[in-house]
>>> print(open('target.pdb').read())   # PDB, C-alpha atoms
ATOM      1  CA  GLU A   1     -21.254  12.311  -1.560
ATOM      2  CA  VAL A   2     -19.115   9.227  -2.036
ATOM      3  CA  GLN A   3     -15.773   9.956  -3.657
ATOM      4  CA  LEU A   4     -13.223   7.474  -4.942
ATOM      5  CA  GLN A   5      -9.642   8.492  -5.621
ATOM      6  CA  ALA A   6      -7.639   6.051  -7.718
ATOM      7  CA  SER A   7      -3.872   6.337  -7.815
ATOM      8  CA  GLY A   8      -0.727   4.339  -8.439
ATOM      9  CA  GLY A   9      -0.757   3.996 -12.195
ATOM     10  CA  GLY A  10       2.298   4.558 -14.329
ATOM     11  CA  LEU A  11       4.585   3.224 -17.013
ATOM     12  CA  VAL A  12       6.177  -0.164 -16.432
ATOM     13  CA  GLN A  13       7.939  -2.760 -18.547
ATOM     14  CA  ALA A  14       6.333  -6.080 -19.295
ATOM     15  CA  GLY A  15       6.819  -8.424 -16.365
ATOM     16  CA  GLY A  16       6.839  -5.560 -13.880
ATOM     17  CA  SER A  17       4.473  -4.714 -11.060
ATOM     18  CA  LEU A  18       2.298  -1.867  -9.899
ATOM     19  CA  ARG A  19      -0.034  -1.349  -6.962
ATOM     20  CA  LEU A  20      -3.136   0.716  -7.483
ATOM     21  CA  SER A  21      -4.952   2.339  -4.571
ATOM     22  CA  CYS A  22      -8.566   3.410  -4.297
ATOM     23  CA  ALA A  23      -9.296   5.699  -1.365
ATOM     24  CA  VAL A  24     -12.999   5.975  -0.583
ATOM     25  CA  SER A  25     -14.513   8.911   1.307
ATOM     26  CA  GLY A  26     -17.889  10.469   1.989
ATOM     27  CA  LEU A  27     -19.474   7.092   2.592
ATOM     28  CA  THR A  28     -23.230   6.955   2.956
ATOM     29  CA  PHE A  29     -23.049   3.605   4.706
ATOM     30  CA  GLY A  30     -20.267   1.893   6.618
ATOM     31  CA  PHE A  31     -17.341   0.758   4.494
ATOM     32  CA  ASP A  32     -18.114  -2.884   5.195
ATOM     33  CA  ASN A  33     -21.443  -2.542   3.404
ATOM     34  CA  TYR A  34     -19.697  -1.994   0.120
ATOM     35  CA  ALA A  35     -18.254  -3.989  -2.684
ATOM     36  CA  ILE A  36     -15.397  -2.194  -4.424
ATOM     37  CA  ALA A  37     -14.385  -3.108  -7.940
ATOM     38  CA  TRP A  38     -11.696  -2.290 -10.442
ATOM     39  CA  PHE A  39     -12.590  -1.819 -14.084
ATOM     40  CA  ARG A  40     -10.425  -0.881 -17.019
ATOM     41  CA  GLN A  41     -10.932   0.565 -20.438
ATOM     42  CA  ALA A  42      -8.416   0.764 -23.249
ATOM     43  CA  PRO A  43      -8.827   3.134 -26.205
ATOM     44  CA  GLY A  44     -11.353   1.789 -28.676
ATOM     45  CA  LYS A  45     -12.376  -1.059 -26.411
ATOM     46  CA  GLU A  46     -15.276  -1.684 -24.104
ATOM     47  CA  ARG A  47     -14.928  -1.321 -20.368
ATOM     48  CA  GLU A  48     -14.243  -4.606 -18.609
ATOM     49  CA  GLY A  49     -14.419  -5.704 -15.022
ATOM     50  CA  VAL A  50     -11.020  -6.673 -13.623
ATOM     51  CA  SER A  51     -11.530  -7.567  -9.988
ATOM     52  CA  CYS A  52     -13.705  -6.828  -6.985
ATOM     53  CA  VAL A  53     -13.861  -7.380  -3.250
ATOM     54  CA  SER A  54     -16.763  -7.608  -0.859
ATOM     55  CA  ILE A  55     -15.515  -5.633   2.109
ATOM     56  CA  ARG A  56     -17.673  -7.423   4.688
ATOM     57  CA  ASP A  57     -16.611 -10.992   4.009
ATOM     58  CA  GLY A  58     -13.546 -10.566   1.829
ATOM     59  CA  THR A  59     -14.986 -12.409  -1.148
ATOM     60  CA  THR A  60     -13.018 -11.598  -4.269
ATOM     61  CA  TYR A  61     -13.410 -12.071  -7.986
ATOM     62  CA  TYR A  62     -10.925 -11.830 -10.862
ATOM     63  CA  ARG A  63     -11.431 -11.931 -14.588
ATOM     64  CA  ASP A  64      -9.683 -14.918 -16.134
ATOM     65  CA  SER A  65      -6.980 -12.917 -17.875
ATOM     66  CA  VAL A  66      -5.656 -11.459 -14.593
ATOM     67  CA  SER A  67      -6.279 -14.376 -12.241
ATOM     68  CA  GLY A  68      -3.044 -15.459 -10.605
ATOM     69  CA  ARG A  69      -1.318 -12.158 -11.454
ATOM     70  CA  PHE A  70      -3.516  -9.555  -9.741
ATOM     71  CA  THR A  71      -4.529  -9.444  -6.085
ATOM     72  CA  VAL A  72      -7.251  -7.234  -4.625
ATOM     73  CA  SER A  73      -7.223  -6.356  -0.943
ATOM     74  CA  SER A  74      -8.692  -3.823   1.438
ATOM     75  CA  ASP A  75      -7.544  -1.837   4.429
ATOM     76  CA  ASN A  76     -10.789  -1.200   6.251
ATOM     77  CA  ALA A  77      -9.209   1.198   8.733
ATOM     78  CA  LYS A  78      -8.226   3.429   5.808
ATOM     79  CA  ASN A  79     -11.315   2.849   3.642
ATOM     80  CA  THR A  80      -8.907   1.904   0.879
ATOM     81  CA  VAL A  81      -8.810  -0.915  -1.630
ATOM     82  CA  TYR A  82      -5.648  -1.995  -3.412
ATOM     83  CA  LEU A  83      -4.985  -3.837  -6.636
ATOM     84  CA  ARG A  84      -1.571  -5.439  -6.755
ATOM     85  CA  MET A  85      -0.661  -6.193 -10.351
ATOM     86  CA  ASN A  86       2.253  -8.539 -11.035
ATOM     87  CA  SER A  87       3.645  -9.971 -14.263
ATOM     88  CA  LEU A  88       2.110  -7.139 -16.210
ATOM     89  CA  LYS A  89       1.564  -7.580 -19.933
ATOM     90  CA  PRO A  90       1.159  -4.998 -22.697
ATOM     91  CA  GLU A  91      -2.482  -6.025 -22.987
ATOM     92  CA  ASP A  92      -3.033  -4.786 -19.416
ATOM     93  CA  THR A  93      -2.507  -1.242 -20.678
ATOM     94  CA  SER A  94      -5.672   0.714 -19.855
ATOM     95  CA  VAL A  95      -7.169   3.386 -17.695
ATOM     96  CA  TYR A  96      -8.124   1.681 -14.460
ATOM     97  CA  TYR A  97     -11.152   2.855 -12.513
ATOM     98  CA  CYS A  98     -12.410   1.905  -9.086
ATOM     99  CA  ALA A  99     -16.091   1.905  -8.292
ATOM    100  CA  ALA A 100     -18.312   1.383  -5.247
ATOM    101  CA  ASP A 101     -21.443  -0.735  -4.849
ATOM    102  CA  PRO A 102     -23.191   0.282  -1.600
ATOM    103  CA  TYR A 103     -25.423  -2.808  -1.563
ATOM    104  CA  ASN A 104     -22.724  -5.414  -2.083
ATOM    105  CA  LEU A 105     -24.545  -6.982  -5.007
ATOM    106  CA  GLY A 106     -22.086  -6.552  -7.821
ATOM    107  CA  CYS A 107     -18.995  -8.537  -6.840
ATOM    108  CA  VAL A 108     -19.889 -11.613  -8.854
ATOM    109  CA  PRO A 109     -18.464 -13.478 -11.854
ATOM    110  CA  ASP A 110     -18.946 -11.657 -15.156
ATOM    111  CA  LEU A 111     -18.395  -8.452 -13.221
ATOM    112  CA  GLU A 112     -20.414  -5.646 -14.743
ATOM    113  CA  GLY A 113     -20.740  -2.042 -13.764
ATOM    114  CA  THR A 114     -24.484  -1.772 -13.293
ATOM    115  CA  ASP A 115     -24.429  -2.259  -9.502
ATOM    116  CA  PHE A 116     -21.542   0.170  -9.021
ATOM    117  CA  ILE A 117     -22.955   3.610  -8.417
ATOM    118  CA  ASP A 118     -19.946   5.769  -7.613
ATOM    119  CA  TRP A 119     -16.807   5.896  -9.758
ATOM    120  CA  GLY A 120     -13.356   7.339  -9.428
ATOM    121  CA  GLN A 121     -11.522   9.326 -12.064
ATOM    122  CA  GLY A 122      -9.206   6.597 -13.298
ATOM    123  CA  THR A 123      -5.473   6.068 -13.328
ATOM    124  CA  GLN A 124      -3.450   5.223 -16.440
ATOM    125  CA  VAL A 125      -1.461   1.999 -16.550
ATOM    126  CA  THR A 126       0.895   1.576 -19.490
ATOM    127  CA  VAL A 127       2.902  -1.604 -19.962
ATOM    128  CA  SER A 128       5.670  -1.482 -22.539
ATOM    129  CA  SER A 129       6.893  -4.572 -24.358
TER
END
>>> encode(input="target.pdb", output="structure tokens")
Amino acid sequence: EVQLQASGGGLVQAGGSLRLSCAVSGLTFGFDNYAIAWFRQAPGKEREGVSCVSIRDGTTYYRDSVSGRFTVSSDNAKNTVYLRMNSLKPEDTSVYYCAADPYNLGCVPDLEGTDFIDWGQGTQVTVSS
């Protein structure tokens, strides 16, 4: 059973930085078969795709509102994906989830969750103004 453990959230002032981690275990296939994505959902709002990475070739995607501020990366030796978030804004406040796509189909523009089968429990990010 694939498990994803998201961590690294917290409370930060606007303009600050956080690094989220997503540790993946119990893989059915090799880690490089996967695309790993970050989604977020704020209270009363729909879930939105934030960023993703194709582990095999390193292709990345960012939603427009985080492009240039967030960076997704992977440590394949640790089966871990990171999301470095700089210049945080109050509107980035959400629960952030990581999710795994074992067929590497979902890391595309207009990132949606339908290709991502396994999900972590989420980590809260709160940005104060």
>>> resolve_selection(input="target.pdb", expression="the PyMOL selection byres ((chain A and resi 51) around 7)", output="list in words")
Ala37, Trp38, Gly49, Val50, Cys52, Tyr61, Tyr62, Arg63 and Val72 of chain A
>>> residues_around(input="target.pdb", residues="Ser73 in chain A", least_positions_apart="4", cutoff="10 Å", atoms="all atoms listed in the file", output="PyMOL selection string")
chain A and resi 21+36+52-55+58-60+80-84
>>> closest_residue(input="target.pdb", among="A:Leu18, A:Val24, A:Val95, A:Asp110", to="Pro43 in chain A", atoms="all atoms listed in the file")
A:Val95
>>> closest_residue(input="target.pdb", among="A:Val127, A:Val108, A:Leu20, A:Ala99", to="Tyr34 in chain A", atoms="only C-alpha atoms")
A:Ala99
>>> atom_distance(input="target.pdb", atom1="CA of Ala14 in chain A", atom2="CA of Gln121 in chain A")
24.7 Å
>>> atom_distance(input="target.pdb", atom1="CA of Leu27 in chain A", atom2="CA of Arg40 in chain A")
23.0 Å
>>> resolve_selection(input="target.pdb", expression="the PyMOL selection byres ((chain A and resi 101) around 7)", output="list in words")
Tyr34, Ala35, Ile36, Ala99, Ala100, Pro102, Tyr103, Asn104, Leu105, Gly106, Asp115, Phe116 and Ile117 of chain A
>>> closest_residue(input="target.pdb", among="A:Met85, A:Asp57, A:Tyr96, A:Asp75", to="Gln124 in chain A", atoms="all atoms listed in the file")
A:Tyr96
>>> atom_distance(input="target.pdb", atom1="CA of Ser74 in chain A", atom2="CA of Gln13 in chain A")
26.0 Å
>>> closest_residue(input="target.pdb", among="A:Thr93, A:Gly30, A:Ser87, A:Thr123", to="Thr71 in chain A", atoms="all atoms listed in the file")
A:Ser87
>>> decode(input="target.pdb", residues="range 50-64 of chain A", atoms="all heavy atoms", output="compact mmCIF listing (two decimals), in the first residue's frame")
# COMPACT_ATOMS: atom_id res chain seq x y z
N VAL A 50 -1.28 22.68 -7.25
CA VAL A 50 -0.26 23.69 -7.02
C VAL A 50 0.97 23.44 -7.90
O VAL A 50 1.43 24.34 -8.61
CB VAL A 50 0.15 23.70 -5.54
CG1 VAL A 50 1.30 24.69 -5.31
CG2 VAL A 50 -1.04 24.03 -4.66
N SER A 51 1.48 22.23 -7.84
CA SER A 51 2.70 21.91 -8.57
C SER A 51 2.83 20.39 -8.67
O SER A 51 2.20 19.66 -7.90
CB SER A 51 3.92 22.48 -7.83
OG SER A 51 5.11 22.19 -8.53
N CYS A 52 3.63 19.95 -9.62
CA CYS A 52 3.89 18.52 -9.73
C CYS A 52 5.26 18.30 -10.37
O CYS A 52 5.82 19.21 -10.98
CB CYS A 52 2.81 17.80 -10.53
SG CYS A 52 2.62 18.38 -12.21
N VAL A 53 5.75 17.09 -10.21
CA VAL A 53 7.03 16.71 -10.81
C VAL A 53 6.93 15.28 -11.33
O VAL A 53 6.38 14.41 -10.65
CB VAL A 53 8.20 16.85 -9.81
CG1 VAL A 53 7.99 16.04 -8.55
CG2 VAL A 53 9.53 16.49 -10.46
N SER A 54 7.41 15.09 -12.53
CA SER A 54 7.57 13.75 -13.08
C SER A 54 8.93 13.24 -12.63
O SER A 54 9.96 13.82 -13.00
CB SER A 54 7.49 13.80 -14.61
OG SER A 54 7.87 12.56 -15.16
N ILE A 55 8.95 12.21 -11.83
CA ILE A 55 10.20 11.78 -11.21
C ILE A 55 11.19 11.32 -12.28
O ILE A 55 12.38 11.61 -12.19
CB ILE A 55 9.95 10.64 -10.21
CG1 ILE A 55 8.98 11.10 -9.11
CG2 ILE A 55 11.25 10.13 -9.61
CD1 ILE A 55 9.47 12.28 -8.31
N ARG A 56 10.73 10.66 -13.31
CA ARG A 56 11.65 10.07 -14.29
C ARG A 56 12.43 11.13 -15.05
O ARG A 56 13.64 11.00 -15.22
CB ARG A 56 10.88 9.20 -15.26
CG ARG A 56 11.74 8.63 -16.40
CD ARG A 56 11.00 7.53 -17.10
NE ARG A 56 10.79 6.39 -16.20
CZ ARG A 56 10.01 5.36 -16.51
NH1 ARG A 56 9.34 5.33 -17.64
NH2 ARG A 56 9.88 4.35 -15.67
N ASP A 57 11.75 12.17 -15.53
CA ASP A 57 12.47 13.13 -16.36
C ASP A 57 12.56 14.51 -15.75
O ASP A 57 13.12 15.42 -16.37
CB ASP A 57 11.83 13.21 -17.76
CG ASP A 57 10.40 13.71 -17.73
OD1 ASP A 57 9.95 14.20 -16.67
OD2 ASP A 57 9.72 13.60 -18.76
N GLY A 58 12.00 14.67 -14.55
CA GLY A 58 12.14 15.96 -13.87
C GLY A 58 11.22 17.05 -14.37
O GLY A 58 11.35 18.20 -13.95
N THR A 59 10.32 16.73 -15.27
CA THR A 59 9.37 17.74 -15.75
C THR A 59 8.54 18.26 -14.58
O THR A 59 8.08 17.49 -13.75
CB THR A 59 8.44 17.13 -16.81
OG1 THR A 59 9.23 16.64 -17.90
CG2 THR A 59 7.46 18.16 -17.32
N THR A 60 8.38 19.57 -14.55
CA THR A 60 7.61 20.19 -13.47
C THR A 60 6.50 21.07 -14.04
O THR A 60 6.54 21.49 -15.21
CB THR A 60 8.50 21.03 -12.56
OG1 THR A 60 9.14 22.05 -13.34
CG2 THR A 60 9.55 20.19 -11.88
N TYR A 61 5.54 21.34 -13.18
CA TYR A 61 4.45 22.24 -13.53
C TYR A 61 4.10 23.04 -12.29
O TYR A 61 4.17 22.54 -11.17
CB TYR A 61 3.23 21.45 -14.01
CG TYR A 61 1.97 22.26 -13.95
CD1 TYR A 61 1.69 23.21 -14.93
CD2 TYR A 61 1.07 22.14 -12.88
CE1 TYR A 61 0.56 24.00 -14.86
CE2 TYR A 61 -0.05 22.92 -12.80
CZ TYR A 61 -0.30 23.85 -13.80
OH TYR A 61 -1.42 24.64 -13.72
N TYR A 62 3.73 24.33 -12.52
CA TYR A 62 3.29 25.19 -11.43
C TYR A 62 2.03 25.94 -11.87
O TYR A 62 1.95 26.41 -13.01
CB TYR A 62 4.36 26.22 -11.08
CG TYR A 62 5.68 25.62 -10.66
CD1 TYR A 62 6.68 25.38 -11.60
CD2 TYR A 62 5.92 25.28 -9.34
CE1 TYR A 62 7.89 24.81 -11.22
CE2 TYR A 62 7.13 24.72 -8.95
CZ TYR A 62 8.10 24.48 -9.90
OH TYR A 62 9.30 23.93 -9.53
N ARG A 63 1.10 26.11 -10.94
CA ARG A 63 -0.02 26.96 -11.27
C ARG A 63 0.48 28.40 -11.33
O ARG A 63 1.48 28.76 -10.69
CB ARG A 63 -1.16 26.82 -10.28
CG ARG A 63 -0.91 27.33 -8.89
CD ARG A 63 -2.14 27.11 -8.00
NE ARG A 63 -3.30 27.83 -8.48
CZ ARG A 63 -4.37 27.24 -9.01
NH1 ARG A 63 -4.41 25.93 -9.13
NH2 ARG A 63 -5.40 27.96 -9.41
N ASP A 64 -0.19 29.22 -12.08
CA ASP A 64 0.30 30.58 -12.34
C ASP A 64 0.54 31.37 -11.06
O ASP A 64 1.52 32.12 -10.96
CB ASP A 64 -0.72 31.33 -13.22
CG ASP A 64 -0.71 30.84 -14.65
OD1 ASP A 64 0.23 30.12 -15.04
OD2 ASP A 64 -1.66 31.16 -15.39
